[in-house]
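Peer 1: Below you will find the structure I want to go over with you.
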Amino acid sequence: MDGRLLSKLDQVHSFLWKDLDERSETYSCTVPGIQGRVAVKVFGRTTQRGSEEAQLLKDLEHPNLIRLLHVLSCNPLCLVFELCQGGSLHKLLHGASSTSSREFTVDHRLRAVAQAVSGVAYLHGKGIVHSAVRPDNIFLSHPVSRGPEGAVMPQVILGDLGLARFDDNEGAESTLSFGTLRYMAPEVLLRASYELPSDVFSCSVMMHEVLTGSIPFSDLNIPSHILVLKVCAGLRPDLDSLRACGAANPQVVSIIVSAWEEDLHSRTTSEELEQSLFELIDLRQQSSLEVGPALPGDR
């Protein structure tokens, strides 16, 4: 880390992650004037994305959206965010953790999805496309705790708005790498252009991953360009895999399918998706709904 930046920090505690898309690195630090540890995102030579992200975030406030606390006006540019102490949802699902995603009830997993979608819906209400909705950009406010029924999912926070933009900005970029294209809508893969419904598609794939605990298309040993062709031709994550995790409820399936429709104009909106998820959660709580085995096409 640059010495000029170090002079503006009380202490650097640990390296958190590196974002190749934005050429940035994020550290756990303490900063003068801010109580407790924070996440400091340090940009490389190009600071335009950092400035754009700060501009987008400065007037946004939602319980499921990352909070920008401060901008360190130095070279390199640094953004100071609240620190999500539970790490990323991706790490929880797939990391070498003592807590398996299967230890969470279906209701806990549905609520995590609903909270992330709530953050997306808030952005869409402001006319902002996130452009990178996936588990490694969704964070846990606190470490996992345990209650009478087992592991308890903390509050979920949507973060990393480095690729976010207003919906009317036609100059948006997309990063086509195998790690991200698993969540990309057909129109993005075909035209490399994000729109509001493109985020909804990503939410549906993320929902399938959170419920099943499986990385999308991880069972397919194919090159990335073949996966692109197959997704554009209608390939989606396997709905049958919802049975193994106890989430093969017809309402769950209907919500997912409505959000990953090929025609972006036929997809449910993020606001409708948010409403459907919370209504389902409320219904399950009120009636102790049993998750049935039926799926479309089953006899």
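Chain labels follow the order of the structure tokens: the first chain is A, the next B, and so on; residue numbering restarts at 1 in every chain, and ligands are counted from 1 in their shown order.
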For the strand (DSSP E or B) assignment from backbone DSSP, which residues of region 84-287 of chain A qualify? Please present them as a PyMOL selection string.
Peer 2: chain A and resi 88+128-129+138-140+145-147+150-152+156-158+165-166
Peer 1: Given the selection you just returned, output its residues as a file containing all heavy atoms, formatted as a short mmCIF file (atom, residue, chain, number, x, y, z; two decimals), in the first residue's frame.
Peer 2:
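Heads up, here's the output in again-v6.cif:
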data_model
loop_
_atom_site.label_atom_id
_atom_site.label_comp_id
_atom_site.auth_asym_id
_atom_site.auth_seq_id
_atom_site.Cartn_x
_atom_site.Cartn_y
_atom_site.Cartn_z
N SER A 88 -18.31 -12.47 2.43
CA SER A 88 -19.23 -12.53 1.29
C SER A 88 -20.14 -13.75 1.36
O SER A 88 -19.82 -14.76 1.99
CB SER A 88 -18.44 -12.56 -0.03
OG SER A 88 -17.82 -13.82 -0.21
N ILE A 128 -30.98 2.96 -11.28
CA ILE A 128 -29.59 2.51 -11.29
C ILE A 128 -29.54 1.01 -11.56
O ILE A 128 -30.26 0.23 -10.91
CB ILE A 128 -28.88 2.83 -9.97
CG1 ILE A 128 -28.82 4.34 -9.76
CG2 ILE A 128 -27.47 2.23 -9.93
CD1 ILE A 128 -28.31 4.75 -8.38
N VAL A 129 -28.70 0.59 -12.50
CA VAL A 129 -28.44 -0.82 -12.77
C VAL A 129 -27.18 -1.22 -12.00
O VAL A 129 -26.15 -0.55 -12.10
CB VAL A 129 -28.22 -1.07 -14.28
CG1 VAL A 129 -28.13 -2.57 -14.57
CG2 VAL A 129 -29.32 -0.44 -15.11
N ILE A 138 -22.32 -9.82 -2.60
CA ILE A 138 -23.33 -9.74 -1.54
C ILE A 138 -22.65 -10.16 -0.24
O ILE A 138 -21.94 -11.16 -0.20
CB ILE A 138 -24.52 -10.67 -1.86
CG1 ILE A 138 -25.19 -10.22 -3.17
CG2 ILE A 138 -25.53 -10.65 -0.72
CD1 ILE A 138 -26.21 -11.21 -3.70
N PHE A 139 -22.87 -9.37 0.82
CA PHE A 139 -22.09 -9.55 2.05
C PHE A 139 -22.99 -9.77 3.26
O PHE A 139 -24.18 -9.44 3.24
CB PHE A 139 -21.18 -8.34 2.26
CG PHE A 139 -20.25 -8.09 1.11
CD1 PHE A 139 -20.61 -7.21 0.09
CD2 PHE A 139 -19.04 -8.74 1.02
CE1 PHE A 139 -19.77 -7.00 -1.00
CE2 PHE A 139 -18.19 -8.53 -0.05
CZ PHE A 139 -18.55 -7.66 -1.07
N LEU A 140 -22.39 -10.32 4.31
CA LEU A 140 -23.09 -10.56 5.57
C LEU A 140 -22.67 -9.49 6.57
O LEU A 140 -21.47 -9.27 6.78
CB LEU A 140 -22.75 -11.95 6.11
CG LEU A 140 -22.94 -13.12 5.13
CD1 LEU A 140 -22.53 -14.43 5.81
CD2 LEU A 140 -24.37 -13.21 4.65
N SER A 145 -24.34 -16.65 13.37
CA SER A 145 -24.57 -17.02 14.77
C SER A 145 -25.42 -18.28 14.81
O SER A 145 -25.83 -18.79 13.77
CB SER A 145 -25.28 -15.88 15.52
OG SER A 145 -26.53 -15.60 14.92
N ARG A 146 -25.68 -18.77 15.99
CA ARG A 146 -26.48 -19.98 16.13
C ARG A 146 -27.62 -19.76 17.10
O ARG A 146 -27.45 -19.14 18.15
CB ARG A 146 -25.61 -21.16 16.60
CG ARG A 146 -24.61 -21.60 15.56
CD ARG A 146 -23.97 -22.93 15.88
NE ARG A 146 -23.12 -23.37 14.78
CZ ARG A 146 -23.57 -24.04 13.73
NH1 ARG A 146 -24.83 -24.36 13.64
NH2 ARG A 146 -22.75 -24.40 12.77
N GLY A 147 -28.80 -20.25 16.69
CA GLY A 147 -29.98 -20.15 17.53
C GLY A 147 -30.52 -21.53 17.83
O GLY A 147 -29.87 -22.55 17.54
N GLY A 150 -30.51 -23.83 14.89
CA GLY A 150 -29.26 -24.00 14.16
C GLY A 150 -28.68 -22.68 13.70
O GLY A 150 -28.86 -21.65 14.36
N ALA A 151 -27.97 -22.70 12.57
CA ALA A 151 -27.30 -21.50 12.06
C ALA A 151 -28.31 -20.42 11.69
O ALA A 151 -29.36 -20.71 11.12
CB ALA A 151 -26.44 -21.87 10.85
N VAL A 152 -27.97 -19.18 12.02
CA VAL A 152 -28.83 -18.03 11.73
C VAL A 152 -28.14 -17.14 10.71
O VAL A 152 -27.00 -16.71 10.92
CB VAL A 152 -29.14 -17.23 13.02
CG1 VAL A 152 -30.00 -16.01 12.69
CG2 VAL A 152 -29.84 -18.12 14.03
N VAL A 156 -28.22 -9.34 5.13
CA VAL A 156 -27.48 -9.37 3.87
C VAL A 156 -27.35 -7.96 3.30
O VAL A 156 -28.31 -7.18 3.35
CB VAL A 156 -28.19 -10.31 2.87
CG1 VAL A 156 -27.73 -10.05 1.45
CG2 VAL A 156 -27.94 -11.77 3.24
N ILE A 157 -26.17 -7.64 2.79
CA ILE A 157 -25.87 -6.31 2.26
C ILE A 157 -25.38 -6.43 0.82
O ILE A 157 -24.42 -7.16 0.54
CB ILE A 157 -24.78 -5.60 3.09
CG1 ILE A 157 -25.14 -5.57 4.59
CG2 ILE A 157 -24.50 -4.20 2.55
CD1 ILE A 157 -26.30 -4.70 4.93
N LEU A 158 -26.03 -5.72 -0.09
CA LEU A 158 -25.58 -5.67 -1.49
C LEU A 158 -24.47 -4.65 -1.62
O LEU A 158 -24.63 -3.50 -1.21
CB LEU A 158 -26.75 -5.30 -2.40
CG LEU A 158 -26.45 -5.16 -3.90
CD1 LEU A 158 -26.07 -6.50 -4.51
CD2 LEU A 158 -27.66 -4.56 -4.63
N ARG A 165 -24.47 1.86 -12.86
CA ARG A 165 -24.66 3.05 -13.70
C ARG A 165 -26.14 3.36 -13.78
O ARG A 165 -26.98 2.52 -13.44
CB ARG A 165 -24.13 2.81 -15.11
CG ARG A 165 -24.85 1.66 -15.81
CD ARG A 165 -24.48 1.51 -17.26
NE ARG A 165 -25.16 0.40 -17.90
CZ ARG A 165 -26.38 0.42 -18.37
NH1 ARG A 165 -27.09 1.53 -18.24
NH2 ARG A 165 -26.94 -0.62 -18.94
N PHE A 166 -26.45 4.55 -14.23
CA PHE A 166 -27.85 4.88 -14.47
C PHE A 166 -28.31 4.17 -15.74
O PHE A 166 -27.54 3.99 -16.68
CB PHE A 166 -28.03 6.39 -14.59
CG PHE A 166 -27.97 7.10 -13.27
CD1 PHE A 166 -26.82 7.77 -12.88
CD2 PHE A 166 -29.06 7.08 -12.40
CE1 PHE A 166 -26.75 8.39 -11.64
CE2 PHE A 166 -28.99 7.70 -11.17
CZ PHE A 166 -27.84 8.36 -10.79
#
Peer 1: Write out as JSON lines the residues of region 148-253 of chain A that have any atom within 9 Å of an atom of region 270-275 of chain A, one row each with the nearest atom pair and its distance in Å to one decimal, counting only C-alpha atoms, sorted by chain and then rising number.
Peer 2:
{"residue": "A:Leu196", "atom": "CA", "partner": "A:Ser270", "partner_atom": "CA", "distance": 8.2}
{"residue": "A:Pro197", "atom": "CA", "partner": "A:Ser270", "partner_atom": "CA", "distance": 7.7}
{"residue": "A:Asp199", "atom": "CA", "partner": "A:Ser270", "partner_atom": "CA", "distance": 8.0}
{"residue": "A:Val200", "atom": "CA", "partner": "A:Ser270", "partner_atom": "CA", "distance": 5.8}
{"residue": "A:Cys203", "atom": "CA", "partner": "A:Ser270", "partner_atom": "CA", "distance": 8.6}
Peer 1: Could those residues be written to a file, using N, CA, C and O atoms, as an mmCIF file, in the first residue's frame?
Peer 2:
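Heads up, here's the output in out26.cif:
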data_model
loop_
_atom_site.group_PDB
_atom_site.id
_atom_site.type_symbol
_atom_site.label_atom_id
_atom_site.label_comp_id
_atom_site.auth_asym_id
_atom_site.auth_seq_id
_atom_site.Cartn_x
_atom_site.Cartn_y
_atom_site.Cartn_z
ATOM 1 N N LEU A 196 -32.123 -2.810 -16.633
ATOM 2 C CA LEU A 196 -32.688 -3.181 -15.339
ATOM 3 C C LEU A 196 -33.096 -4.655 -15.281
ATOM 4 O O LEU A 196 -32.794 -5.348 -14.299
ATOM 5 N N PRO A 197 -33.775 -5.206 -16.313
ATOM 6 C CA PRO A 197 -34.140 -6.625 -16.260
ATOM 7 C C PRO A 197 -32.941 -7.569 -16.244
ATOM 8 O O PRO A 197 -33.073 -8.729 -15.834
ATOM 9 N N ASP A 199 -30.368 -7.272 -14.314
ATOM 10 C CA ASP A 199 -30.126 -7.506 -12.892
ATOM 11 C C ASP A 199 -31.091 -8.549 -12.339
ATOM 12 O O ASP A 199 -30.718 -9.374 -11.490
ATOM 13 N N VAL A 200 -32.350 -8.507 -12.804
ATOM 14 C CA VAL A 200 -33.355 -9.458 -12.328
ATOM 15 C C VAL A 200 -32.953 -10.880 -12.708
ATOM 16 O O VAL A 200 -33.067 -11.812 -11.904
ATOM 17 N N CYS A 203 -30.405 -12.006 -10.390
ATOM 18 C CA CYS A 203 -31.008 -12.328 -9.087
ATOM 19 C C CYS A 203 -31.575 -13.741 -9.078
ATOM 20 O O CYS A 203 -31.468 -14.458 -8.072
#
Peer 1: What is the CA of Thr212 (chain A)-CA of Gln115 (chain A) distance in Å, reported with one decimal?
Peer 2: 17.5 Å
Peer 1: Figure out the distance between CA of Ala259 (chain A) and CA of Ala132 (chain A), please, to one decimal in Å.
Peer 2: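 About the pair CA of Ala132 (chain A) and CA of Ala259 (chain A): they are 15.8 Å apart.
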Peer 1: Nearest residue to Leu189 (chain A) out of A:Ser28, A:Ser224, A:Ser218, A:Ser276, using only C-alpha atoms?
Peer 2: A:Ser224
Peer 1: Residues within 9 Å of Pro143 (chain A), please, as a short mmCIF file (atom, residue, chain, number, x, y, z; two decimals) with C-alpha atoms, in the first residue's frame. Count only C-alpha atoms; anything in the same chain fewer than 2 positions from it doesn't count.
Peer 2:
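Here's the written file around_13.cif:
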data_model
loop_
_atom_site.label_atom_id
_atom_site.label_comp_id
_atom_site.auth_asym_id
_atom_site.auth_seq_id
_atom_site.Cartn_x
_atom_site.Cartn_y
_atom_site.Cartn_z
CA CYS A 84 -19.42 -6.34 6.58
CA GLN A 85 -17.84 -8.58 9.19
CA GLY A 86 -19.42 -11.81 7.97
CA GLY A 87 -17.61 -11.78 4.63
CA LEU A 140 -23.09 -10.56 5.57
CA SER A 141 -23.34 -7.72 8.07
CA SER A 145 -24.57 -17.02 14.77
CA MET A 153 -28.26 -16.03 8.56
CA PRO A 154 -27.15 -12.44 9.34
#
Peer 1: Quick one: residues within 8 Å of Cys245 (chain A), only C-alpha atoms counted, chain neighbours fewer than 5 positions away excluded, as number ranges by chain?
Peer 2: A: 102, 106, 211-212
Peer 1: Which value, in Å to one decimal, gives the distance between CA of Pro216 (chain A) and CA of Glu103 (chain A)?
Peer 2: 19.9 Å
Peer 1: Looking only at helix (DSSP H, G or I) from DSSP on the backbone, list the matching residues of region 4-133 of chain A as JSON, numbers by chain.
Peer 2: {"A": [4, 5, 6, 48, 49, 50, 51, 52, 53, 54, 55, 56, 57, 89, 90, 91, 92, 93, 94, 101, 102, 103, 106, 107, 108, 109, 110, 111, 112, 113, 114, 115, 116, 117, 118, 119, 120, 121, 122, 123, 124, 125]}
Peer 1: Within 10 Å of Val252 (chain A), counting only C-alpha atoms, which residues qualify if same-chain residues fewer than 2 places away don't, as a list of chain:residue names?
Peer 2: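 Everything that qualifies: A:Leu110, A:Met207, A:His208, A:Leu211, A:Leu242, A:Ala247, A:Ala248, A:Asn249, A:Pro250, A:Ser254, A:Ile255, A:Ile256, A:Val257, A:Ser276, A:Leu277, A:Leu280, A:Val291, A:Leu295.
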Peer 1: Would you pick out the contacts of Pro186 (chain A) at 12 Å or less, using only C-alpha atoms, so that residues sharing its chain but fewer than 5 positions from it are not included, and give the list as JSON, numbers by chain?
Peer 2: {"A": [181, 191, 192, 193, 194, 195, 197, 198, 199, 200, 201, 202, 227, 228, 229, 230, 231, 232, 233, 234, 235, 236, 260, 261, 262, 263, 264]}
Peer 1: Which one of A:Ala116, A:Leu9, A:Tyr122, A:Arg49 sits closest to Val80 (chain A) if you count only C-alpha atoms?
Peer 2: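 Of the candidates, the smallest distance to Val80 (chain A) is held by A:Leu9.
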Peer 1: Let me make sure I understand: among A:Leu16, A:Leu56, A:Val113, A:Leu220, which one has the smallest atom-to-atom distance to Val42 (chain A) if we use only C-alpha atoms?
Peer 2: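 Closest to Val42 (chain A), using only C-alpha atoms: A:Leu16.
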Peer 1: Of the candidates A:Gly246, A:Pro32, A:Pro63, A:Pro148, which shows the shortest atom-to-atom distance to Ser118 (chain A), using only C-alpha atoms?
Peer 2: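 Comparing A:Gly246, A:Pro32, A:Pro63, A:Pro148 against Ser118 (chain A), the winner is A:Pro63.
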Peer 1: Please provide as a ChimeraX atom specification all residues within 10 Å of Asp219 (chain A), with the sequence filter that same-chain residues fewer than 4 positions apart are discarded (counting only C-alpha atoms).
Peer 2: /A:214-215,237-238
Peer 1: For the selection you just gave me, I'd like the residues written to a file as a PDB file, in the first residue's frame, keeping C-alpha atoms.
Peer 2:
ATOM      1  CA  SER A 214     -24.229 -25.077  -5.968  1.00  0.00           C
ATOM      2  CA  ILE A 215     -22.333 -22.760  -8.316  1.00  0.00           C
ATOM      3  CA  PRO A 237     -29.503 -23.979 -13.779  1.00  0.00           C
ATOM      4  CA  ASP A 238     -31.162 -27.316 -13.044  1.00  0.00           C
TER       5      ASP A 238
END
